[in-house]
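Raw work_21.pdb, PDB, C-alpha atoms:
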```pdb
MODEL        1
ATOM      1  CA  MET A   1      15.485 -51.250 -23.454
ATOM      2  CA  THR A   2      19.041 -52.450 -22.933
ATOM      3  CA  GLU A   3      20.061 -55.806 -24.320
ATOM      4  CA  PRO A   4      20.476 -58.573 -21.787
ATOM      5  CA  ALA A   5      24.209 -59.269 -21.939
ATOM      6  CA  GLY A   6      25.328 -62.640 -20.716
ATOM      7  CA  ARG A   7      28.310 -64.938 -20.344
ATOM      8  CA  ILE A   8      28.327 -67.108 -23.431
ATOM      9  CA  LEU A   9      30.453 -70.188 -23.943
ATOM     10  CA  LEU A  10      30.876 -70.977 -27.632
ATOM     11  CA  VAL A  11      31.912 -74.558 -28.411
ATOM     12  CA  GLU A  12      32.926 -74.697 -32.064
ATOM     13  CA  ASP A  13      35.888 -76.432 -33.674
ATOM     14  CA  THR A  14      36.069 -74.739 -37.091
ATOM     15  CA  PRO A  15      37.938 -71.421 -36.663
ATOM     16  CA  THR A  16      35.951 -69.542 -39.339
ATOM     17  CA  GLN A  17      32.609 -70.488 -37.808
ATOM     18  CA  ALA A  18      33.910 -69.618 -34.343
ATOM     19  CA  GLU A  19      35.235 -66.257 -35.525
ATOM     20  CA  VAL A  20      31.907 -65.346 -37.149
ATOM     21  CA  ALA A  21      29.904 -66.362 -34.073
ATOM     22  CA  LYS A  22      32.244 -64.538 -31.686
ATOM     23  CA  ALA A  23      32.010 -61.369 -33.768
ATOM     24  CA  MET A  24      28.208 -61.514 -33.794
ATOM     25  CA  LEU A  25      28.011 -62.171 -30.050
ATOM     26  CA  ALA A  26      30.416 -59.327 -29.323
ATOM     27  CA  THR A  27      28.236 -56.869 -31.248
ATOM     28  CA  MET A  28      25.303 -57.988 -29.055
ATOM     29  CA  GLY A  29      27.267 -57.006 -25.947
ATOM     30  CA  HIS A  30      27.850 -60.525 -24.628
ATOM     31  CA  GLU A  31      30.973 -61.717 -22.892
ATOM     32  CA  VAL A  32      32.263 -64.679 -24.909
ATOM     33  CA  ARG A  33      34.662 -67.535 -24.250
ATOM     34  CA  HIS A  34      35.512 -70.012 -26.973
ATOM     35  CA  ALA A  35      36.333 -73.712 -26.785
ATOM     36  CA  ALA A  36      37.414 -75.747 -29.814
ATOM     37  CA  THR A  37      36.916 -79.131 -28.128
ATOM     38  CA  GLY A  38      34.515 -80.721 -25.655
ATOM     39  CA  ALA A  39      37.239 -81.063 -23.036
ATOM     40  CA  GLN A  40      38.129 -77.369 -23.327
ATOM     41  CA  ALA A  41      34.453 -76.468 -22.979
ATOM     42  CA  LEU A  42      34.107 -78.427 -19.742
ATOM     43  CA  ALA A  43      37.279 -76.880 -18.328
ATOM     44  CA  ILE A  44      36.110 -73.341 -19.136
ATOM     45  CA  ALA A  45      32.604 -73.973 -17.754
ATOM     46  CA  GLN A  46      34.159 -75.204 -14.514
ATOM     47  CA  GLU A  47      36.014 -71.976 -13.788
ATOM     48  CA  TRP A  48      33.710 -69.532 -15.582
ATOM     49  CA  PRO A  49      30.051 -70.675 -15.253
ATOM     50  CA  PRO A  50      28.299 -69.480 -18.418
ATOM     51  CA  ASP A  51      24.720 -68.229 -18.739
ATOM     52  CA  ALA A  52      24.382 -69.964 -22.087
ATOM     53  CA  VAL A  53      26.354 -72.530 -24.063
ATOM     54  CA  LEU A  54      26.263 -72.586 -27.857
ATOM     55  CA  VAL A  55      27.496 -76.032 -28.736
ATOM     56  CA  ASP A  56      28.362 -77.548 -32.106
ATOM     57  CA  LEU A  57      27.442 -81.233 -32.353
ATOM     58  CA  ASP A  58      30.512 -82.336 -34.319
ATOM     59  CA  LEU A  59      33.559 -81.858 -32.142
ATOM     60  CA  PRO A  60      36.957 -83.499 -32.523
ATOM     61  CA  ASP A  61      37.040 -85.260 -29.132
ATOM     62  CA  PHE A  62      33.417 -86.002 -28.236
ATOM     63  CA  SER A  63      29.993 -84.985 -29.436
ATOM     64  CA  GLY A  64      28.096 -81.869 -28.456
ATOM     65  CA  PHE A  65      25.509 -84.143 -26.826
ATOM     66  CA  GLU A  66      28.203 -85.507 -24.534
ATOM     67  CA  VAL A  67      29.263 -81.968 -23.601
ATOM     68  CA  MET A  68      25.660 -81.217 -22.672
ATOM     69  CA  ARG A  69      25.347 -84.429 -20.627
ATOM     70  CA  ARG A  70      28.509 -83.683 -18.682
ATOM     71  CA  LEU A  71      27.554 -80.067 -18.040
ATOM     72  CA  LYS A  72      24.154 -81.189 -16.707
ATOM     73  CA  ALA A  73      25.801 -83.852 -14.546
ATOM     74  CA  ARG A  74      27.942 -81.119 -12.991
ATOM     75  CA  GLY A  75      24.828 -79.125 -12.140
ATOM     76  CA  SER A  76      25.267 -76.392 -14.741
ATOM     77  CA  LYS A  77      22.243 -74.115 -15.041
ATOM     78  CA  ALA A  78      23.361 -72.691 -18.372
ATOM     79  CA  ALA A  79      20.888 -72.482 -21.234
ATOM     80  CA  LEU A  80      22.045 -75.013 -23.823
ATOM     81  CA  ILE A  81      21.684 -74.197 -27.510
ATOM     82  CA  VAL A  82      22.728 -76.654 -30.193
ATOM     83  CA  LEU A  83      24.426 -75.496 -33.409
ATOM     84  CA  THR A  84      23.922 -78.009 -36.176
ATOM     85  CA  VAL A  85      24.113 -78.454 -39.924
ATOM     86  CA  ASN A  86      21.849 -81.436 -39.681
ATOM     87  CA  ASN A  87      18.544 -80.030 -38.430
ATOM     88  CA  SER A  88      16.619 -83.245 -39.002
ATOM     89  CA  VAL A  89      13.795 -84.074 -36.620
ATOM     90  CA  ASP A  90      15.852 -86.865 -35.050
ATOM     91  CA  THR A  91      18.751 -84.552 -34.248
ATOM     92  CA  VAL A  92      16.503 -81.859 -32.830
ATOM     93  CA  VAL A  93      14.536 -84.341 -30.728
ATOM     94  CA  GLU A  94      17.739 -85.825 -29.358
ATOM     95  CA  ALA A  95      19.066 -82.344 -28.588
ATOM     96  CA  MET A  96      15.918 -81.480 -26.645
ATOM     97  CA  ARG A  97      16.064 -84.816 -24.836
ATOM     98  CA  GLU A  98      19.613 -84.011 -23.771
ATOM     99  CA  GLY A  99      18.421 -80.748 -22.255
ATOM    100  CA  ALA A 100      18.887 -78.254 -25.078
ATOM    101  CA  MET A 101      16.627 -75.238 -24.808
ATOM    102  CA  ASP A 102      16.788 -74.536 -28.543
ATOM    103  CA  PHE A 103      18.806 -75.195 -31.679
ATOM    104  CA  ILE A 104      20.199 -73.111 -34.527
ATOM    105  CA  ALA A 105      20.661 -74.526 -38.023
ATOM    106  CA  LYS A 106      23.910 -73.548 -39.742
ATOM    107  CA  PRO A 107      24.587 -71.271 -41.471
ATOM    108  CA  TYR A 108      22.790 -68.677 -39.391
ATOM    109  CA  GLY A 109      22.578 -64.910 -39.361
ATOM    110  CA  LYS A 110      22.899 -62.442 -36.526
ATOM    111  CA  ALA A 111      19.143 -61.953 -36.234
ATOM    112  CA  ARG A 112      18.489 -65.662 -35.736
ATOM    113  CA  LEU A 113      21.306 -65.946 -33.205
ATOM    114  CA  LYS A 114      20.081 -62.927 -31.274
ATOM    115  CA  VAL A 115      16.452 -64.040 -31.046
ATOM    116  CA  THR A 116      17.383 -67.561 -29.968
ATOM    117  CA  LEU A 117      19.921 -66.394 -27.421
ATOM    118  CA  ASP A 118      17.702 -63.654 -25.962
ATOM    119  CA  ASN A 119      14.853 -66.139 -25.562
ATOM    120  CA  ALA A 120      17.122 -68.696 -23.941
ATOM    121  CA  LEU A 121      18.598 -66.151 -21.527
ATOM    122  CA  GLU A 122      15.155 -64.845 -20.616
ATOM    123  CA  ASN A 123      13.893 -68.386 -20.116
ATOM    124  CA  ARG A 124      16.883 -69.169 -17.911
ATOM    125  CA  ALA A 125      16.325 -66.011 -15.838
ATOM    126  CA  LEU A 126      12.649 -66.900 -15.363
ATOM    127  CA  ARG A 127      13.559 -70.428 -14.287
ATOM    128  CA  ALA A 128      16.053 -69.067 -11.772
ATOM    129  CA  GLU A 129      13.415 -66.672 -10.437
ATOM    130  CA  LEU A 130      10.862 -69.483 -10.186
ATOM    131  CA  THR A 131      13.329 -71.659  -8.309
ATOM    132  CA  ALA A 132      14.027 -68.809  -5.863
ATOM    133  CA  VAL A 133      10.285 -68.221  -5.298
ATOM    134  CA  LYS A 134       9.705 -71.962  -4.776
ATOM    135  CA  GLU A 135      12.488 -72.101  -2.206
ATOM    136  CA  GLN A 136      11.093 -69.057  -0.424
ATOM    137  CA  LEU A 137       7.606 -70.573  -0.420
ATOM    138  CA  SER A 138       8.816 -73.889   0.959
ATOM    139  CA  GLY A 139      10.563 -71.895   3.690
ATOM    140  CA  PHE A 140       7.270 -70.199   4.625
ATOM    141  CA  VAL A 141       5.367 -73.492   4.582
ATOM    142  CA  ALA A 142       7.964 -75.173   6.766
ATOM    143  CA  ALA A 143       7.858 -72.282   9.243
ATOM    144  CA  ALA A 144       4.051 -72.331   9.385
ATOM    145  CA  ALA A 145       3.967 -76.115   9.896
ATOM    146  CA  SER A 146       6.239 -75.908  12.921
ATOM    147  CA  PRO A 147       5.682 -72.602  14.856
ATOM    148  CA  PRO A 148       8.413 -71.696  17.299
ATOM    149  CA  PRO A 149       7.647 -72.617  20.982
ATOM    150  CA  ARG A 150       6.346 -69.792  23.171
ATOM    151  CA  ARG A 151       8.905 -68.550  25.588
ATOM    152  CA  HIS A 152       6.790 -67.488  28.607
ATOM    153  CA  GLY A 153       4.782 -70.617  29.325
ATOM    154  CA  GLY A 154       1.902 -69.404  27.192
ATOM    155  CA  ASP A 155       1.054 -72.944  26.114
ATOM    156  CA  ARG A 156      -0.995 -73.643  29.218
ATOM    157  CA  ALA A 157      -3.181 -70.598  28.564
ATOM    158  CA  SER A 158      -3.775 -71.487  24.909
ATOM    159  CA  PRO A 159      -7.141 -73.334  25.252
ATOM    160  CA  LEU A 160      -8.615 -70.415  27.195
ATOM    161  CA  ARG A 161      -7.310 -67.948  24.611
ATOM    162  CA  TYR A 162      -8.824 -69.962  21.775
ATOM    163  CA  ALA A 163     -12.178 -70.132  23.612
ATOM    164  CA  ILE A 164     -12.220 -66.363  24.183
ATOM    165  CA  GLY A 165     -11.221 -65.778  20.592
ATOM    166  CA  ALA A 166     -13.973 -68.057  19.310
ATOM    167  CA  LEU A 167     -16.603 -66.274  21.460
ATOM    168  CA  ILE A 168     -15.492 -62.872  20.221
ATOM    169  CA  PHE A 169     -15.611 -64.130  16.638
ATOM    170  CA  LEU A 170     -19.103 -65.569  17.120
ATOM    171  CA  ALA A 171     -20.332 -62.320  18.685
ATOM    172  CA  ALA A 172     -18.906 -60.332  15.813
ATOM    173  CA  VAL A 173     -20.614 -62.547  13.217
ATOM    174  CA  LEU A 174     -23.975 -62.342  15.034
ATOM    175  CA  GLY A 175     -23.574 -58.571  15.355
ATOM    176  CA  LEU A 176     -23.013 -58.299  11.604
ATOM    177  CA  PHE A 177     -26.121 -60.395  10.948
ATOM    178  CA  PHE A 178     -28.262 -58.115  13.135
ATOM    179  CA  ILE A 179     -26.827 -54.986  11.567
ATOM    180  CA  ALA A 180     -27.528 -56.357   8.114
ATOM    181  CA  GLY A 181     -31.157 -56.998   9.108
ATOM    182  CA  PHE A 182     -31.145 -60.779   9.318
ATOM    183  CA  SER A 183     -33.403 -62.489  11.804
ATOM    184  CA  PHE A 184     -33.547 -66.094  12.964
ATOM    185  CA  GLY A 185     -37.326 -66.098  13.428
ATOM    186  CA  PRO A 186     -39.977 -67.016  10.846
TER
ATOM    187  CA  MET B   1      48.454 -70.604 -49.726
ATOM    188  CA  ILE B   2      46.052 -73.267 -50.874
ATOM    189  CA  PRO B   3      48.020 -76.302 -51.992
ATOM    190  CA  ALA B   4      47.776 -77.260 -55.636
ATOM    191  CA  ALA B   5      45.244 -80.008 -55.937
ATOM    192  CA  GLY B   6      45.519 -83.138 -57.969
ATOM    193  CA  THR B   7      49.236 -83.679 -57.516
ATOM    194  CA  GLY B   8      49.219 -85.661 -54.269
ATOM    195  CA  PRO B   9      46.143 -87.866 -53.943
ATOM    196  CA  ARG B  10      45.913 -91.390 -55.249
ATOM    197  CA  SER B  11      43.901 -91.369 -58.434
ATOM    198  CA  ASP B  12      42.322 -94.783 -57.810
ATOM    199  CA  TRP B  13      40.958 -94.050 -54.326
ATOM    200  CA  VAL B  14      37.343 -92.997 -53.809
ATOM    201  CA  PRO B  15      35.982 -92.256 -50.324
ATOM    202  CA  GLN B  16      33.043 -94.636 -50.412
ATOM    203  CA  ARG B  17      32.754 -95.784 -46.816
ATOM    204  CA  ALA B  18      31.291 -92.856 -44.938
ATOM    205  CA  THR B  19      30.760 -92.767 -41.211
ATOM    206  CA  GLU B  20      27.102 -92.817 -40.262
ATOM    207  CA  ARG B  21      26.825 -89.211 -39.093
ATOM    208  CA  VAL B  22      28.436 -87.789 -42.206
ATOM    209  CA  ALA B  23      26.446 -90.083 -44.465
ATOM    210  CA  GLN B  24      23.258 -88.230 -43.458
ATOM    211  CA  LYS B  25      24.351 -85.084 -45.270
ATOM    212  CA  VAL B  26      23.505 -85.833 -48.842
ATOM    213  CA  ILE B  27      23.156 -83.198 -51.504
ATOM    214  CA  ASP B  28      21.360 -83.636 -54.768
ATOM    215  CA  ARG B  29      23.929 -82.500 -57.312
ATOM    216  CA  THR B  30      21.303 -81.933 -59.992
ATOM    217  CA  ARG B  31      19.214 -79.663 -57.796
ATOM    218  CA  ALA B  32      22.247 -77.815 -56.524
ATOM    219  CA  LYS B  33      23.340 -77.027 -60.055
ATOM    220  CA  MET B  34      19.901 -75.792 -60.993
ATOM    221  CA  ARG B  35      20.023 -72.932 -58.515
ATOM    222  CA  PRO B  36      20.909 -69.788 -60.476
ATOM    223  CA  LEU B  37      22.845 -68.216 -57.593
ATOM    224  CA  PHE B  38      25.779 -70.540 -58.214
ATOM    225  CA  ALA B  39      26.206 -69.397 -61.766
ATOM    226  CA  VAL B  40      26.383 -65.764 -60.725
ATOM    227  CA  SER B  41      28.506 -65.473 -57.643
ATOM    228  CA  ALA B  42      30.805 -67.580 -55.489
ATOM    229  CA  ILE B  43      29.369 -66.027 -52.358
ATOM    230  CA  ASP B  44      25.848 -65.578 -51.089
ATOM    231  CA  PRO B  45      25.359 -61.834 -50.591
ATOM    232  CA  SER B  46      22.632 -62.402 -48.002
ATOM    233  CA  ILE B  47      25.225 -63.978 -45.695
ATOM    234  CA  ALA B  48      28.556 -62.405 -46.665
ATOM    235  CA  GLY B  49      26.984 -59.009 -47.354
ATOM    236  CA  GLN B  50      25.165 -59.072 -44.038
ATOM    237  CA  LEU B  51      28.381 -59.888 -42.206
ATOM    238  CA  ALA B  52      30.170 -57.026 -43.942
ATOM    239  CA  GLU B  53      27.312 -54.725 -43.005
ATOM    240  CA  ASP B  54      26.899 -55.845 -39.380
ATOM    241  CA  LEU B  55      30.522 -56.062 -38.354
ATOM    242  CA  PRO B  56      33.263 -53.461 -38.106
ATOM    243  CA  PRO B  57      35.552 -53.616 -41.204
ATOM    244  CA  GLU B  58      38.567 -54.871 -39.244
ATOM    245  CA  VAL B  59      36.503 -57.700 -37.764
ATOM    246  CA  PHE B  60      35.220 -58.679 -41.209
ATOM    247  CA  ARG B  61      38.776 -58.665 -42.539
ATOM    248  CA  ARG B  62      39.879 -60.847 -39.622
ATOM    249  CA  ILE B  63      37.117 -63.331 -40.496
ATOM    250  CA  ILE B  64      38.363 -63.466 -44.099
ATOM    251  CA  SER B  65      41.914 -64.109 -42.864
ATOM    252  CA  THR B  66      40.668 -66.911 -40.614
ATOM    253  CA  PHE B  67      38.719 -68.363 -43.547
ATOM    254  CA  GLU B  68      41.809 -68.195 -45.735
ATOM    255  CA  ALA B  69      43.837 -70.046 -43.094
ATOM    256  CA  ASP B  70      41.067 -72.644 -42.763
ATOM    257  CA  LEU B  71      40.999 -73.179 -46.525
ATOM    258  CA  SER B  72      44.727 -73.730 -46.615
ATOM    259  CA  ARG B  73      44.711 -76.151 -43.663
ATOM    260  CA  LEU B  74      41.619 -78.100 -44.732
ATOM    261  CA  THR B  75      42.555 -78.529 -48.393
ATOM    262  CA  GLY B  76      45.953 -79.723 -47.139
ATOM    263  CA  GLU B  77      44.201 -82.229 -44.858
ATOM    264  CA  LEU B  78      41.982 -83.375 -47.737
ATOM    265  CA  THR B  79      45.007 -83.930 -49.976
ATOM    266  CA  ALA B  80      46.908 -85.781 -47.243
ATOM    267  CA  SER B  81      43.888 -87.963 -46.359
ATOM    268  CA  ALA B  82      43.357 -88.796 -50.012
ATOM    269  CA  ARG B  83      47.012 -89.755 -50.368
ATOM    270  CA  LEU B  84      46.798 -92.067 -47.349
ATOM    271  CA  GLY B  85      43.359 -93.431 -48.226
ATOM    272  CA  ASP B  86      42.085 -92.165 -44.842
ATOM    273  CA  THR B  87      38.329 -92.006 -45.406
ATOM    274  CA  ASN B  88      37.372 -90.576 -42.017
ATOM    275  CA  GLY B  89      40.058 -87.887 -42.204
ATOM    276  CA  TYR B  90      38.931 -86.985 -45.703
ATOM    277  CA  LEU B  91      35.257 -86.749 -44.731
ATOM    278  CA  ARG B  92      36.023 -84.811 -41.575
ATOM    279  CA  ALA B  93      38.096 -82.254 -43.522
ATOM    280  CA  ALA B  94      35.374 -81.947 -46.169
ATOM    281  CA  HIS B  95      32.772 -81.451 -43.425
ATOM    282  CA  SER B  96      34.828 -78.696 -41.761
ATOM    283  CA  LEU B  97      35.453 -77.061 -45.130
ATOM    284  CA  ALA B  98      31.718 -77.050 -45.861
ATOM    285  CA  GLY B  99      31.032 -75.513 -42.441
ATOM    286  CA  ALA B 100      33.670 -72.809 -42.854
ATOM    287  CA  ALA B 101      32.399 -71.985 -46.340
ATOM    288  CA  ALA B 102      28.785 -71.811 -45.137
ATOM    289  CA  ALA B 103      29.708 -69.455 -42.300
ATOM    290  CA  VAL B 104      30.978 -66.791 -44.716
ATOM    291  CA  GLY B 105      28.392 -67.494 -47.401
ATOM    292  CA  ALA B 106      30.721 -69.253 -49.862
ATOM    293  CA  ARG B 107      27.843 -71.332 -51.172
ATOM    294  CA  ARG B 108      29.447 -72.876 -54.261
ATOM    295  CA  LEU B 109      32.421 -74.032 -52.224
ATOM    296  CA  GLU B 110      30.071 -75.380 -49.551
ATOM    297  CA  VAL B 111      28.168 -77.398 -52.158
ATOM    298  CA  GLU B 112      31.405 -78.807 -53.615
ATOM    299  CA  ALA B 113      32.650 -79.758 -50.130
ATOM    300  CA  ARG B 114      29.371 -81.493 -49.319
ATOM    301  CA  LEU B 115      29.506 -83.358 -52.616
ATOM    302  CA  ALA B 116      33.017 -84.498 -51.713
ATOM    303  CA  MET B 117      31.673 -86.216 -48.609
ATOM    304  CA  ASP B 118      28.501 -87.528 -50.181
ATOM    305  CA  PRO B 119      28.686 -91.332 -50.239
ATOM    306  CA  ALA B 120      25.887 -91.478 -52.784
ATOM    307  CA  GLN B 121      27.985 -89.632 -55.365
ATOM    308  CA  PRO B 122      31.578 -90.709 -54.776
ATOM    309  CA  ALA B 123      34.119 -88.872 -56.852
ATOM    310  CA  PRO B 124      37.882 -89.410 -56.853
ATOM    311  CA  PRO B 125      39.851 -86.716 -55.015
ATOM    312  CA  ALA B 126      41.776 -86.011 -58.222
ATOM    313  CA  GLU B 127      38.469 -84.725 -59.580
ATOM    314  CA  VAL B 128      37.153 -83.101 -56.394
ATOM    315  CA  LEU B 129      40.241 -81.249 -55.183
ATOM    316  CA  PRO B 130      40.774 -79.053 -58.256
ATOM    317  CA  ARG B 131      37.128 -77.979 -58.078
ATOM    318  CA  LEU B 132      37.498 -77.167 -54.379
ATOM    319  CA  SER B 133      40.641 -75.147 -55.070
ATOM    320  CA  MET B 134      38.937 -73.234 -57.851
ATOM    321  CA  GLU B 135      35.883 -72.454 -55.715
ATOM    322  CA  SER B 136      38.093 -71.484 -52.771
ATOM    323  CA  ARG B 137      39.962 -68.955 -54.873
ATOM    324  CA  ALA B 138      36.735 -67.553 -56.309
ATOM    325  CA  ALA B 139      35.146 -67.197 -52.853
ATOM    326  CA  LEU B 140      38.221 -65.521 -51.395
ATOM    327  CA  GLU B 141      38.439 -63.101 -54.273
ATOM    328  CA  GLU B 142      34.814 -62.043 -53.853
ATOM    329  CA  LEU B 143      35.135 -61.761 -50.079
ATOM    330  CA  HIS B 144      38.175 -59.508 -50.451
ATOM    331  CA  GLN B 145      36.247 -57.382 -52.941
ATOM    332  CA  LEU B 146      33.419 -57.096 -50.434
ATOM    333  CA  ALA B 147      35.851 -56.083 -47.697
ATOM    334  CA  ARG B 148      37.326 -53.378 -49.925
ATOM    335  CA  ALA B 149      33.926 -51.990 -50.904
TER
ENDMDL
END
```
Mind converting the file's structure to structure tokens?
Amino acid sequence: MTEPAGRILLVEDTPTQAEVAKAMLATMGHEVRHAATGAQALAIAQEWPPDAVLVDLDLPDFSGFEVMRRLKARGSKAALIVLTVNNSVDTVVEAMREGAMDFIAKPYGKARLKVTLDNALENRALRAELTAVKEQLSGFVAAAASPPPRRHGGDRASPLRYAIGALIFLAAVLGLFFIAGFSFGP
Amino acid sequence: MIPAAGTGPRSDWVPQRATERVAQKVIDRTRAKMRPLFAVSAIDPSIAGQLAEDLPPEVFRRIISTFEADLSRLTGELTASARLGDTNGYLRAAHSLAGAAAAVGARRLEVEARLAMDPAQPAPPAEVLPRLSMESRAALEELHQLARA
């Protein structure tokens, strides 16, 4: 099975950590862009919508949480993954509350990064598919609720058609009963 | 090059007032010293070794160069912050240094950097910086050895 390559935006201010993450992501076949600040991350996401964002919480200009909030406010559908040294329950809960799909505690290895990212990308793809199916279904429901008007004045003949249809249906049901050996007598 | 530590910073200044987010990262010095890994090697082979194994040699060498540049910049920032008595700058530099060290598996350096920003165990920069310099050199040496292997 081929690996699901995606567009990954890495938001990390320490060059060494960024270099390590970029190298790992490249070996997984992902296309990577790197931002060292929150502002850079937002600018890149604007012109190059990522499939997933790996965001460090401690950034020089504003926090990783703020980056996530602003991306969400702009309607980004990217899977958000938090990179943090401080994996306390409070931090993780706050990350999830801000819309993070998962988190990775630093330092992390390639295996951990790969599993988390693959899961997040798969989850994102499933969500996109579900949204598409929902939209399609609402389209069908809307069409069924308001059928298009008949073009050749068929509306006047409708009651008669329904009556004939109902009689045929009733006859068919009775016929099936008789064939199956039912009787209405004692 | 990593600047010589101990020459610049004020000897009487101790970074005691930590910002709230950095204050959460506290390391128990006693426990850290008990771990035998630190007495053996400056780098954690499960991280550095894995990187060397997973990545093409030129990429691994590039990471070491980036780490070397980070060490130089961050120890410079630490020294400057200590000289100015800039607590937030000092803690921020120590935090970045710990992160950079952790990324390449320089565990002893990471521990020293985290101790430097630990408000529960404040130590004067004149004491901290030489230890950081020593651990930086040891980590770099071992990383270069790994790259050559």
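You will find atom CA of Ala82 of chain B at 26.2 Å from atom CA of Gly105 of chain B.
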Evaluate the ChimeraX specification (/B :<8) & /A and record the selected residues as a ChimeraX atom specification, following the chain and residue labels used in the document. /A:14-17,19-20,23-24,27,85-86,106-109
For segment 88-97 of chain A, please output as a PyMOL selection string all residues within 9 Å (counting only C-alpha atoms; exclusion window: fewer than 5 positions along the same chain). chain A and resi 65+68+81-82+102-103
Can you spell out as a PyMOL selection string the set of residues that the PyMOL selection byres ((chain A and resi 120-132) around 12) selects in the structure I just provided? chain A and resi 3-8+30+50-54+76-82+100-104+113-119+133-139
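Note that the spacing between atom CA of Glu110 of chain B and atom CA of Ala80 of chain B amounts to 19.9 Å.
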Separation of atom CA of Pro125 of chain B from atom CA of Thr79 of chain B in Å: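 Between atom CA of Thr79 of chain B and atom CA of Pro125 of chain B the gap is 7.7 Å.
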Determine the nearest neighbour of Arg108 of chain B from the options B:Arg61, B:Gly89, B:Leu78, B:Met134, counting all atoms listed in the file.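 Counting all atoms listed in the file, the residue closest to Arg108 of chain B is B:Met134.
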Can you translate the PyMOL selection byres ((chain A and resi 63) around 12) into the concrete residues it hits in this file, as a list in words?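 The output of the PyMOL selection byres ((chain A and resi 63) around 12) on this file is Val11, Glu12, Asp13, Ala36, Thr37, Gly38, Ala39, Ala41, Val55, Asp56, Leu57, Asp58, Leu59, Pro60, Asp61, Phe62, Gly64, Phe65, Glu66, Val67, Met68, Arg69, Arg70, Val82, Leu83, Thr84, Ala95 and Glu98 of chain A; Arg21 of chain B.
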Ref. answer, residues at most 12 Å from (28.9, -62.3, -56.2) with all atoms listed in the file, as a PyMOL selection string: chain B and resi 36-49+105-108+138-146
Selection export as a short mmCIF file (atom, residue, chain, number, x, y, z; two decimals), in the frame of the given file, atoms kept: C-alpha atoms:
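Saved to result_26.cif:
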```
data_model
loop_
_atom_site.label_atom_id
_atom_site.label_comp_id
_atom_site.auth_asym_id
_atom_site.auth_seq_id
_atom_site.Cartn_x
_atom_site.Cartn_y
_atom_site.Cartn_z
CA PRO B 36 20.91 -69.79 -60.48
CA LEU B 37 22.84 -68.22 -57.59
CA PHE B 38 25.78 -70.54 -58.21
CA ALA B 39 26.21 -69.40 -61.77
CA VAL B 40 26.38 -65.76 -60.72
CA SER B 41 28.51 -65.47 -57.64
CA ALA B 42 30.80 -67.58 -55.49
CA ILE B 43 29.37 -66.03 -52.36
CA ASP B 44 25.85 -65.58 -51.09
CA PRO B 45 25.36 -61.83 -50.59
CA SER B 46 22.63 -62.40 -48.00
CA ILE B 47 25.22 -63.98 -45.70
CA ALA B 48 28.56 -62.40 -46.66
CA GLY B 49 26.98 -59.01 -47.35
CA GLY B 105 28.39 -67.49 -47.40
CA ALA B 106 30.72 -69.25 -49.86
CA ARG B 107 27.84 -71.33 -51.17
CA ARG B 108 29.45 -72.88 -54.26
CA ALA B 138 36.74 -67.55 -56.31
CA ALA B 139 35.15 -67.20 -52.85
CA LEU B 140 38.22 -65.52 -51.40
CA GLU B 141 38.44 -63.10 -54.27
CA GLU B 142 34.81 -62.04 -53.85
CA LEU B 143 35.14 -61.76 -50.08
CA HIS B 144 38.17 -59.51 -50.45
CA GLN B 145 36.25 -57.38 -52.94
CA LEU B 146 33.42 -57.10 -50.43
#
```
Listed atoms of segment 20-34 of chain A boxed along x, y and z, 3 Å each side, centre and edge lengths in Å, one decimal, as lines of an AutoDock Vina configuration file:
```
center_x = 30.4
center_y = -63.4
center_z = -30.0
size_x = 16.2
size_y = 19.1
size_z = 20.3
```
As a PDB file, in the frame of the given file, the rebuilt segment 108-114 of chain B with N, CA, C and O atoms:
```pdb
ATOM      1  N   ARG B 108      28.990 -71.907 -53.241  1.00  0.00           N
ATOM      2  CA  ARG B 108      29.447 -72.876 -54.261  1.00  0.00           C
ATOM      3  C   ARG B 108      30.515 -73.802 -53.680  1.00  0.00           C
ATOM      4  O   ARG B 108      30.502 -75.004 -53.913  1.00  0.00           O
ATOM      5  N   LEU B 109      31.387 -73.221 -52.868  1.00  0.00           N
ATOM      6  CA  LEU B 109      32.421 -74.032 -52.224  1.00  0.00           C
ATOM      7  C   LEU B 109      31.773 -75.009 -51.233  1.00  0.00           C
ATOM      8  O   LEU B 109      32.166 -76.173 -51.135  1.00  0.00           O
ATOM      9  N   GLU B 110      30.778 -74.522 -50.520  1.00  0.00           N
ATOM     10  CA  GLU B 110      30.071 -75.380 -49.551  1.00  0.00           C
ATOM     11  C   GLU B 110      29.463 -76.590 -50.272  1.00  0.00           C
ATOM     12  O   GLU B 110      29.587 -77.734 -49.826  1.00  0.00           O
ATOM     13  N   VAL B 111      28.816 -76.315 -51.397  1.00  0.00           N
ATOM     14  CA  VAL B 111      28.168 -77.398 -52.158  1.00  0.00           C
ATOM     15  C   VAL B 111      29.215 -78.408 -52.637  1.00  0.00           C
ATOM     16  O   VAL B 111      29.032 -79.614 -52.507  1.00  0.00           O
ATOM     17  N   GLU B 112      30.344 -77.908 -53.142  1.00  0.00           N
ATOM     18  CA  GLU B 112      31.405 -78.807 -53.615  1.00  0.00           C
ATOM     19  C   GLU B 112      31.953 -79.663 -52.467  1.00  0.00           C
ATOM     20  O   GLU B 112      32.207 -80.850 -52.630  1.00  0.00           O
ATOM     21  N   ALA B 113      32.120 -79.020 -51.294  1.00  0.00           N
ATOM     22  CA  ALA B 113      32.650 -79.758 -50.130  1.00  0.00           C
ATOM     23  C   ALA B 113      31.658 -80.826 -49.676  1.00  0.00           C
ATOM     24  O   ALA B 113      32.051 -81.928 -49.295  1.00  0.00           O
ATOM     25  N   ARG B 114      30.382 -80.504 -49.728  1.00  0.00           N
ATOM     26  CA  ARG B 114      29.371 -81.493 -49.319  1.00  0.00           C
ATOM     27  C   ARG B 114      29.291 -82.634 -50.338  1.00  0.00           C
ATOM     28  O   ARG B 114      29.063 -83.781 -49.971  1.00  0.00           O
TER      29      ARG B 114
END
```
